[in-house]
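Novice: This is the content of model-v6.txt (compact mmCIF, N, CA and C atoms):
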```txt
# COMPACT_ATOMS: atom_id res chain seq x y z
N MET A 1 227.04 -81.18 215.05
CA MET A 1 226.72 -79.79 215.28
C MET A 1 225.78 -79.33 214.17
N ASP A 2 224.73 -78.63 214.56
CA ASP A 2 223.77 -78.21 213.54
C ASP A 2 224.27 -76.99 212.76
N ALA A 3 223.65 -76.76 211.62
CA ALA A 3 224.09 -75.70 210.69
C ALA A 3 224.00 -74.32 211.32
N ARG A 4 222.97 -74.08 212.11
CA ARG A 4 222.80 -72.76 212.73
C ARG A 4 223.94 -72.47 213.71
N THR A 5 224.31 -73.46 214.50
CA THR A 5 225.40 -73.29 215.46
C THR A 5 226.71 -73.01 214.74
N LYS A 6 226.97 -73.76 213.66
CA LYS A 6 228.20 -73.54 212.90
C LYS A 6 228.23 -72.12 212.31
N LEU A 7 227.09 -71.65 211.85
CA LEU A 7 227.03 -70.30 211.29
C LEU A 7 227.27 -69.24 212.38
N GLU A 8 226.71 -69.44 213.56
CA GLU A 8 226.92 -68.50 214.67
C GLU A 8 228.39 -68.46 215.08
N ILE A 9 229.02 -69.62 215.15
CA ILE A 9 230.45 -69.69 215.48
C ILE A 9 231.24 -68.95 214.40
N GLY A 10 230.90 -69.19 213.16
CA GLY A 10 231.58 -68.53 212.05
C GLY A 10 231.44 -67.02 212.10
N ARG A 11 230.26 -66.55 212.45
CA ARG A 11 230.05 -65.09 212.55
C ARG A 11 230.88 -64.49 213.67
N ARG A 12 230.95 -65.20 214.81
CA ARG A 12 231.77 -64.70 215.91
C ARG A 12 233.25 -64.69 215.53
N LEU A 13 233.70 -65.72 214.83
CA LEU A 13 235.09 -65.76 214.38
C LEU A 13 235.38 -64.59 213.44
N ARG A 14 234.51 -64.39 212.48
CA ARG A 14 234.72 -63.30 211.52
C ARG A 14 234.76 -61.94 212.22
N ARG A 15 233.82 -61.71 213.12
CA ARG A 15 233.77 -60.44 213.85
C ARG A 15 235.07 -60.25 214.65
N ARG A 16 235.51 -61.29 215.32
CA ARG A 16 236.73 -61.21 216.12
C ARG A 16 237.95 -60.96 215.22
N ARG A 17 238.01 -61.67 214.10
CA ARG A 17 239.12 -61.50 213.15
C ARG A 17 239.16 -60.07 212.61
N GLU A 18 238.01 -59.56 212.19
CA GLU A 18 237.96 -58.21 211.64
C GLU A 18 238.29 -57.16 212.69
N ASN A 19 237.79 -57.35 213.92
CA ASN A 19 238.11 -56.43 215.00
C ASN A 19 239.60 -56.41 215.31
N ALA A 20 240.26 -57.53 215.09
CA ALA A 20 241.71 -57.60 215.31
C ALA A 20 242.48 -57.02 214.13
N GLY A 21 241.77 -56.71 213.03
CA GLY A 21 242.41 -56.12 211.87
C GLY A 21 243.10 -57.11 210.95
N TYR A 22 242.69 -58.38 211.02
CA TYR A 22 243.32 -59.41 210.21
C TYR A 22 242.48 -59.77 209.00
N THR A 23 243.16 -60.03 207.91
CA THR A 23 242.50 -60.65 206.76
C THR A 23 242.45 -62.15 207.03
N ARG A 24 241.69 -62.86 206.23
CA ARG A 24 241.68 -64.32 206.35
C ARG A 24 243.07 -64.88 206.08
N GLU A 25 243.76 -64.26 205.15
CA GLU A 25 245.10 -64.71 204.80
C GLU A 25 246.04 -64.56 205.98
N ARG A 26 245.99 -63.40 206.65
CA ARG A 26 246.90 -63.16 207.79
C ARG A 26 246.57 -64.08 208.96
N LEU A 27 245.29 -64.22 209.26
CA LEU A 27 244.92 -65.13 210.35
C LEU A 27 245.35 -66.55 210.01
N GLY A 28 245.18 -66.94 208.76
CA GLY A 28 245.62 -68.26 208.34
C GLY A 28 247.11 -68.45 208.53
N GLU A 29 247.90 -67.44 208.19
CA GLU A 29 249.35 -67.51 208.38
C GLU A 29 249.69 -67.68 209.86
N LEU A 30 249.06 -66.86 210.69
CA LEU A 30 249.36 -66.89 212.12
C LEU A 30 248.95 -68.20 212.78
N CYS A 31 247.94 -68.85 212.21
CA CYS A 31 247.41 -70.10 212.79
C CYS A 31 247.86 -71.35 212.03
N SER A 32 248.64 -71.16 210.98
CA SER A 32 249.06 -72.28 210.11
C SER A 32 247.84 -73.00 209.53
N LEU A 33 246.87 -72.21 209.10
CA LEU A 33 245.66 -72.73 208.46
C LEU A 33 245.48 -72.01 207.13
N SER A 34 244.79 -72.62 206.20
CA SER A 34 244.60 -71.97 204.90
C SER A 34 243.50 -70.91 205.01
N PRO A 35 243.63 -69.85 204.23
CA PRO A 35 242.58 -68.83 204.20
C PRO A 35 241.22 -69.42 203.81
N ARG A 36 241.23 -70.41 202.93
CA ARG A 36 239.97 -71.07 202.52
C ARG A 36 239.32 -71.77 203.71
N PHE A 37 240.13 -72.41 204.55
CA PHE A 37 239.60 -73.07 205.73
C PHE A 37 238.99 -72.05 206.70
N ILE A 38 239.67 -70.92 206.88
CA ILE A 38 239.13 -69.85 207.72
C ILE A 38 237.79 -69.39 207.14
N ALA A 39 237.73 -69.19 205.83
CA ALA A 39 236.48 -68.77 205.17
C ALA A 39 235.39 -69.81 205.39
N ASN A 40 235.73 -71.08 205.24
CA ASN A 40 234.73 -72.14 205.43
C ASN A 40 234.17 -72.15 206.85
N ILE A 41 235.00 -71.90 207.83
CA ILE A 41 234.51 -71.81 209.21
C ILE A 41 233.59 -70.61 209.35
N GLU A 42 234.04 -69.47 208.84
CA GLU A 42 233.24 -68.24 208.95
C GLU A 42 231.88 -68.37 208.25
N LEU A 43 231.82 -69.14 207.19
CA LEU A 43 230.58 -69.32 206.44
C LEU A 43 229.73 -70.46 206.99
N GLY A 44 230.23 -71.14 208.01
CA GLY A 44 229.49 -72.24 208.61
C GLY A 44 229.57 -73.53 207.83
N ASP A 45 230.52 -73.61 206.90
CA ASP A 45 230.66 -74.81 206.08
C ASP A 45 231.60 -75.84 206.68
N SER A 46 232.44 -75.42 207.63
CA SER A 46 233.40 -76.32 208.26
C SER A 46 233.44 -76.07 209.76
N THR A 47 233.96 -77.04 210.47
CA THR A 47 234.24 -76.87 211.89
C THR A 47 235.74 -77.06 212.08
N PHE A 48 236.23 -76.69 213.24
CA PHE A 48 237.67 -76.82 213.48
C PHE A 48 237.95 -77.86 214.54
N SER A 49 239.18 -78.35 214.49
CA SER A 49 239.64 -79.30 215.50
C SER A 49 239.94 -78.54 216.78
N LEU A 50 240.12 -79.28 217.84
CA LEU A 50 240.48 -78.66 219.11
C LEU A 50 241.80 -77.91 218.98
N ASP A 51 242.76 -78.48 218.29
CA ASP A 51 244.05 -77.80 218.09
C ASP A 51 243.87 -76.49 217.34
N SER A 52 243.07 -76.50 216.28
CA SER A 52 242.83 -75.27 215.53
C SER A 52 242.09 -74.24 216.38
N LEU A 53 241.11 -74.68 217.14
CA LEU A 53 240.37 -73.77 218.03
C LEU A 53 241.32 -73.11 219.02
N MET A 54 242.19 -73.91 219.63
CA MET A 54 243.12 -73.35 220.62
C MET A 54 244.05 -72.32 219.98
N THR A 55 244.55 -72.62 218.79
CA THR A 55 245.46 -71.70 218.11
C THR A 55 244.74 -70.42 217.72
N ILE A 56 243.55 -70.53 217.17
CA ILE A 56 242.77 -69.35 216.78
C ILE A 56 242.49 -68.48 218.00
N CYS A 57 242.08 -69.08 219.09
CA CYS A 57 241.78 -68.33 220.31
C CYS A 57 243.02 -67.61 220.84
N GLN A 58 244.16 -68.28 220.78
CA GLN A 58 245.39 -67.66 221.25
C GLN A 58 245.75 -66.46 220.38
N VAL A 59 245.69 -66.62 219.07
CA VAL A 59 246.05 -65.53 218.16
C VAL A 59 245.07 -64.37 218.30
N LEU A 60 243.79 -64.65 218.47
CA LEU A 60 242.78 -63.58 218.56
C LEU A 60 242.55 -63.10 219.99
N SER A 61 243.29 -63.67 220.94
CA SER A 61 243.16 -63.28 222.36
C SER A 61 241.70 -63.36 222.82
N CYS A 62 241.10 -64.51 222.58
CA CYS A 62 239.73 -64.70 223.04
C CYS A 62 239.59 -66.10 223.61
N SER A 63 238.54 -66.31 224.34
CA SER A 63 238.30 -67.63 224.93
C SER A 63 237.55 -68.52 223.93
N SER A 64 237.70 -69.80 224.12
CA SER A 64 236.92 -70.73 223.30
C SER A 64 235.44 -70.57 223.61
N ASP A 65 235.10 -70.22 224.85
CA ASP A 65 233.70 -69.97 225.19
C ASP A 65 233.12 -68.86 224.34
N HIS A 66 233.93 -67.85 224.08
CA HIS A 66 233.44 -66.74 223.25
C HIS A 66 233.12 -67.23 221.84
N LEU A 67 234.06 -67.95 221.22
CA LEU A 67 233.82 -68.41 219.85
C LEU A 67 232.70 -69.44 219.78
N LEU A 68 232.69 -70.38 220.72
CA LEU A 68 231.72 -71.46 220.65
C LEU A 68 230.33 -71.08 221.12
N PHE A 69 230.26 -70.26 222.18
CA PHE A 69 228.96 -69.98 222.80
C PHE A 69 228.59 -68.50 222.85
N GLY A 70 229.52 -67.64 222.47
CA GLY A 70 229.25 -66.21 222.52
C GLY A 70 229.47 -65.60 223.88
N ALA A 71 230.00 -66.39 224.81
CA ALA A 71 230.22 -65.91 226.18
C ALA A 71 231.49 -65.08 226.24
N GLU A 72 231.41 -63.98 226.93
CA GLU A 72 232.60 -63.17 227.19
C GLU A 72 233.16 -63.59 228.53
N THR A 73 234.40 -64.03 228.52
CA THR A 73 235.05 -64.43 229.76
C THR A 73 236.36 -63.70 229.87
N GLY A 74 237.03 -63.90 230.97
CA GLY A 74 238.32 -63.28 231.19
C GLY A 74 238.17 -61.99 231.96
N ASP A 75 239.28 -61.35 232.18
CA ASP A 75 239.28 -60.17 233.03
C ASP A 75 239.10 -58.87 232.25
N GLY A 76 238.94 -58.96 230.93
CA GLY A 76 238.77 -57.76 230.13
C GLY A 76 240.02 -56.89 230.14
N SER A 77 241.16 -57.49 230.31
CA SER A 77 242.42 -56.77 230.44
C SER A 77 242.66 -55.85 229.24
N PRO A 78 243.03 -54.61 229.52
CA PRO A 78 243.36 -53.71 228.41
C PRO A 78 244.65 -54.11 227.72
N TRP A 79 245.40 -55.04 228.31
CA TRP A 79 246.66 -55.50 227.75
C TRP A 79 246.48 -56.66 226.79
N ALA A 80 245.30 -57.24 226.70
CA ALA A 80 245.08 -58.45 225.90
C ALA A 80 245.48 -58.25 224.44
N ASP A 81 245.10 -57.13 223.84
CA ASP A 81 245.43 -56.89 222.44
C ASP A 81 246.94 -56.72 222.27
N THR A 82 247.56 -56.00 223.20
CA THR A 82 249.01 -55.80 223.13
C THR A 82 249.75 -57.12 223.26
N ILE A 83 249.34 -57.94 224.19
CA ILE A 83 249.97 -59.24 224.39
C ILE A 83 249.79 -60.10 223.15
N SER A 84 248.60 -60.08 222.58
CA SER A 84 248.34 -60.85 221.36
C SER A 84 249.27 -60.42 220.24
N ARG A 85 249.46 -59.13 220.08
CA ARG A 85 250.33 -58.64 219.01
C ARG A 85 251.80 -59.01 219.26
N ILE A 86 252.23 -58.97 220.52
CA ILE A 86 253.61 -59.35 220.84
C ILE A 86 253.82 -60.83 220.54
N ARG A 87 252.84 -61.66 220.83
CA ARG A 87 252.96 -63.10 220.58
C ARG A 87 253.12 -63.43 219.11
N GLN A 88 252.75 -62.51 218.24
CA GLN A 88 252.81 -62.77 216.80
C GLN A 88 254.21 -62.59 216.23
N PHE A 89 255.11 -61.99 217.01
CA PHE A 89 256.47 -61.83 216.53
C PHE A 89 257.16 -63.19 216.48
N ASP A 90 258.08 -63.30 215.58
CA ASP A 90 258.88 -64.51 215.48
C ASP A 90 259.59 -64.72 216.83
N PRO A 91 259.57 -65.94 217.36
CA PRO A 91 260.19 -66.21 218.66
C PRO A 91 261.66 -65.81 218.75
N ARG A 92 262.35 -65.71 217.64
CA ARG A 92 263.76 -65.32 217.70
C ARG A 92 263.95 -63.88 218.19
N TYR A 93 262.87 -63.08 218.16
CA TYR A 93 262.94 -61.70 218.64
C TYR A 93 262.63 -61.59 220.14
N GLU A 94 262.31 -62.69 220.77
CA GLU A 94 261.91 -62.66 222.18
C GLU A 94 262.94 -61.98 223.09
N PRO A 95 264.24 -62.28 222.96
CA PRO A 95 265.20 -61.60 223.85
C PRO A 95 265.18 -60.08 223.70
N GLU A 96 265.09 -59.60 222.47
CA GLU A 96 265.06 -58.15 222.25
C GLU A 96 263.77 -57.53 222.79
N ILE A 97 262.67 -58.21 222.56
CA ILE A 97 261.38 -57.70 223.05
C ILE A 97 261.40 -57.65 224.58
N ASN A 98 261.92 -58.69 225.21
CA ASN A 98 262.02 -58.70 226.67
C ASN A 98 262.87 -57.54 227.18
N LYS A 99 264.00 -57.27 226.51
CA LYS A 99 264.85 -56.15 226.92
C LYS A 99 264.10 -54.83 226.81
N ILE A 100 263.37 -54.64 225.73
CA ILE A 100 262.61 -53.41 225.53
C ILE A 100 261.55 -53.25 226.61
N LEU A 101 260.81 -54.33 226.89
CA LEU A 101 259.77 -54.26 227.92
C LEU A 101 260.35 -54.01 229.30
N GLN A 102 261.48 -54.63 229.60
CA GLN A 102 262.13 -54.38 230.89
C GLN A 102 262.58 -52.94 231.00
N ALA A 103 263.08 -52.38 229.90
CA ALA A 103 263.50 -50.98 229.91
C ALA A 103 262.31 -50.06 230.16
N ILE A 104 261.17 -50.39 229.58
CA ILE A 104 259.96 -49.59 229.81
C ILE A 104 259.56 -49.65 231.28
N VAL A 105 259.58 -50.84 231.85
CA VAL A 105 259.22 -51.00 233.27
C VAL A 105 260.19 -50.18 234.14
N GLU A 106 261.48 -50.26 233.85
CA GLU A 106 262.46 -49.49 234.62
C GLU A 106 262.21 -47.99 234.52
N LEU A 107 261.88 -47.50 233.33
CA LEU A 107 261.58 -46.08 233.16
C LEU A 107 260.35 -45.68 233.97
N LEU A 108 259.34 -46.54 233.97
CA LEU A 108 258.13 -46.23 234.75
C LEU A 108 258.43 -46.21 236.24
N ILE A 109 259.27 -47.12 236.70
CA ILE A 109 259.65 -47.15 238.11
C ILE A 109 260.40 -45.86 238.47
N LYS A 110 261.33 -45.47 237.63
CA LYS A 110 262.12 -44.26 237.88
C LYS A 110 261.26 -43.00 237.84
N SER A 111 260.22 -43.01 237.04
CA SER A 111 259.36 -41.84 236.94
C SER A 111 258.31 -41.82 238.04
N GLU A 112 258.32 -42.86 238.88
CA GLU A 112 257.43 -43.00 240.03
C GLU A 112 255.95 -43.07 239.64
N ILE A 113 255.69 -43.62 238.49
CA ILE A 113 254.31 -43.88 238.10
C ILE A 113 253.91 -45.21 238.71
N TYR A 114 252.96 -45.19 239.61
CA TYR A 114 252.51 -46.39 240.29
C TYR A 114 253.68 -47.23 240.82
N PRO A 115 254.58 -46.62 241.60
CA PRO A 115 255.78 -47.36 242.00
C PRO A 115 255.50 -48.62 242.81
N ASP A 116 254.48 -48.63 243.65
CA ASP A 116 254.21 -49.83 244.45
C ASP A 116 253.80 -50.99 243.56
N ASP A 117 252.95 -50.73 242.58
CA ASP A 117 252.51 -51.80 241.68
C ASP A 117 253.65 -52.30 240.81
N LEU A 118 254.48 -51.37 240.31
CA LEU A 118 255.54 -51.78 239.41
C LEU A 118 256.64 -52.55 240.12
N HIS A 119 256.91 -52.22 241.38
CA HIS A 119 257.95 -52.95 242.11
C HIS A 119 257.54 -54.40 242.31
N LYS A 120 256.25 -54.66 242.35
CA LYS A 120 255.77 -56.03 242.52
C LYS A 120 256.05 -56.88 241.29
N ILE A 121 256.07 -56.26 240.08
CA ILE A 121 256.25 -57.06 238.87
C ILE A 121 257.69 -57.05 238.35
N SER A 122 258.52 -56.20 238.89
CA SER A 122 259.89 -56.14 238.36
C SER A 122 260.81 -57.12 239.07
```
Have the structure of the file written as structure tokens, please.

Specialist:
Amino acid sequence: MDARTKLEIGRRLRRRRENAGYTRERLGELCSLSPRFIANIELGDSTFSLDSLMTICQVLSCSSDHLLFGAETGDGSPWADTISRIRQFDPRYEPEINKILQAIVELLIKSEIYPDDLHKIS
């Protein structure tokens, strides 16, 4: 991979990280990567493995096409950021988070906000 491509990938990663409100340290924690490695990618000094790319994309809720080629893909879901943030919780909280989300869905159904759509997902 040429230096210009690595720099472009690094710039997209940095922009995505900053837009998500993460420091290099926090992104490193979430991805089990060192902050220095994140910095090296952002500066175009390093590349990442497929495993690292997949983890970074999952944490930042973006496609690999976006980081690698600048392409925007996906459905542009307004829920993407929320889902990304929920995924960052320790898995041991999953039962409680599920209960809370189910309670929210039930409240929305009872309040008759988009009842046809909500009955499909409950």

Novice: Report, in Å to a single decimal, how far apart atom C of Asp90 in chain A and atom C of Arg14 in chain A are.

Specialist: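 If I compute the distance from atom C of Arg14 in chain A to atom C of Asp90 in chain A, I get 25.4 Å.
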
Novice: Can you list, as a ChimeraX atom specification, all residues belonging to range 28-84 of chain A that DSSP tags as helix (DSSP H, G or I)?

Specialist: /A:28-31,35-42,50-60,64-69,80-84

Novice: List the spatial neighbours of Leu43 in chain A as an mmCIF file with N, CA and C atoms, in the frame of the given file - criterion: any atom at most 7 Å away, all atoms listed in the file, same-chain residues fewer than 4 positions off excluded.

Specialist:
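Once written, out-v7.cif looks like this:
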```cif
data_model
loop_
_atom_site.group_PDB
_atom_site.id
_atom_site.type_symbol
_atom_site.label_atom_id
_atom_site.label_comp_id
_atom_site.auth_asym_id
_atom_site.auth_seq_id
_atom_site.Cartn_x
_atom_site.Cartn_y
_atom_site.Cartn_z
ATOM 1 N N LYS A 6 226.970 -73.760 213.660
ATOM 2 C CA LYS A 6 228.200 -73.540 212.900
ATOM 3 C C LYS A 6 228.230 -72.120 212.310
ATOM 4 N N LEU A 7 227.090 -71.650 211.850
ATOM 5 C CA LEU A 7 227.030 -70.300 211.290
ATOM 6 C C LEU A 7 227.270 -69.240 212.380
ATOM 7 N N GLY A 10 230.900 -69.190 213.160
ATOM 8 C CA GLY A 10 231.580 -68.530 212.050
ATOM 9 C C GLY A 10 231.440 -67.020 212.100
ATOM 10 N N ARG A 11 230.260 -66.550 212.450
ATOM 11 C CA ARG A 11 230.050 -65.090 212.550
ATOM 12 C C ARG A 11 230.880 -64.490 213.670
ATOM 13 N N ILE A 38 239.670 -70.920 206.880
ATOM 14 C CA ILE A 38 239.130 -69.850 207.720
ATOM 15 C C ILE A 38 237.790 -69.390 207.140
ATOM 16 N N ALA A 39 237.730 -69.190 205.830
ATOM 17 C CA ALA A 39 236.480 -68.770 205.170
ATOM 18 C C ALA A 39 235.390 -69.810 205.390
#
```

Novice: Go through A:Val105, A:Leu13, A:Val59, A:Leu68 one by one, measure the shortest atom-to-atom distance of each to Ile83 in chain A using only C-alpha atoms, and give the residue with the smallest value.

Specialist: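 Among A:Val105, A:Leu13, A:Val59, A:Leu68, it is A:Val59 that comes nearest to Ile83 in chain A.
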
Novice: Figure out the distance between atom C of Gly44 in chain A and CA of Leu30 in chain A, please, to one decimal in Å.

Specialist: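 Separation of CA of Leu30 in chain A and atom C of Gly44 in chain A: 21.3 Å.
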
Novice: Could you jot down the atom N of Glu96 in chain A to atom C of Arg26 in chain A separation for me, Å, one decimal place?

Specialist: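 So the two atoms, atom N of Glu96 in chain A and atom C of Arg26 in chain A, lie 23.4 Å apart.
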
Novice: Out of A:Ile56, A:Ser46, A:Arg87, A:Leu107, which residue has the shortest atom-to-atom distance to Cys31 in chain A when counting all atoms listed in the file?

Specialist: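 Among A:Ile56, A:Ser46, A:Arg87, A:Leu107, it is A:Ile56 that comes nearest to Cys31 in chain A.
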
Novice: Taking only C-alpha atoms into account, name the residue in A:Gln58, A:Ala71, A:Glu18, A:Ile100 that is nearest to Gln88 in chain A.

Specialist: A:Gln58

Novice: Report the centre and edge lengths, in Å to one decimal, of an axis-aligned box enclosing every atom of range 58-73 of chain A listed in the file, padded by 3 Å on each side, as JSON.

Specialist:
```
{"center_x": 237.3, "center_y": -67.3, "center_z": 224.0, "size_x": 23.5, "size_y": 14.4, "size_z": 17.7}
```
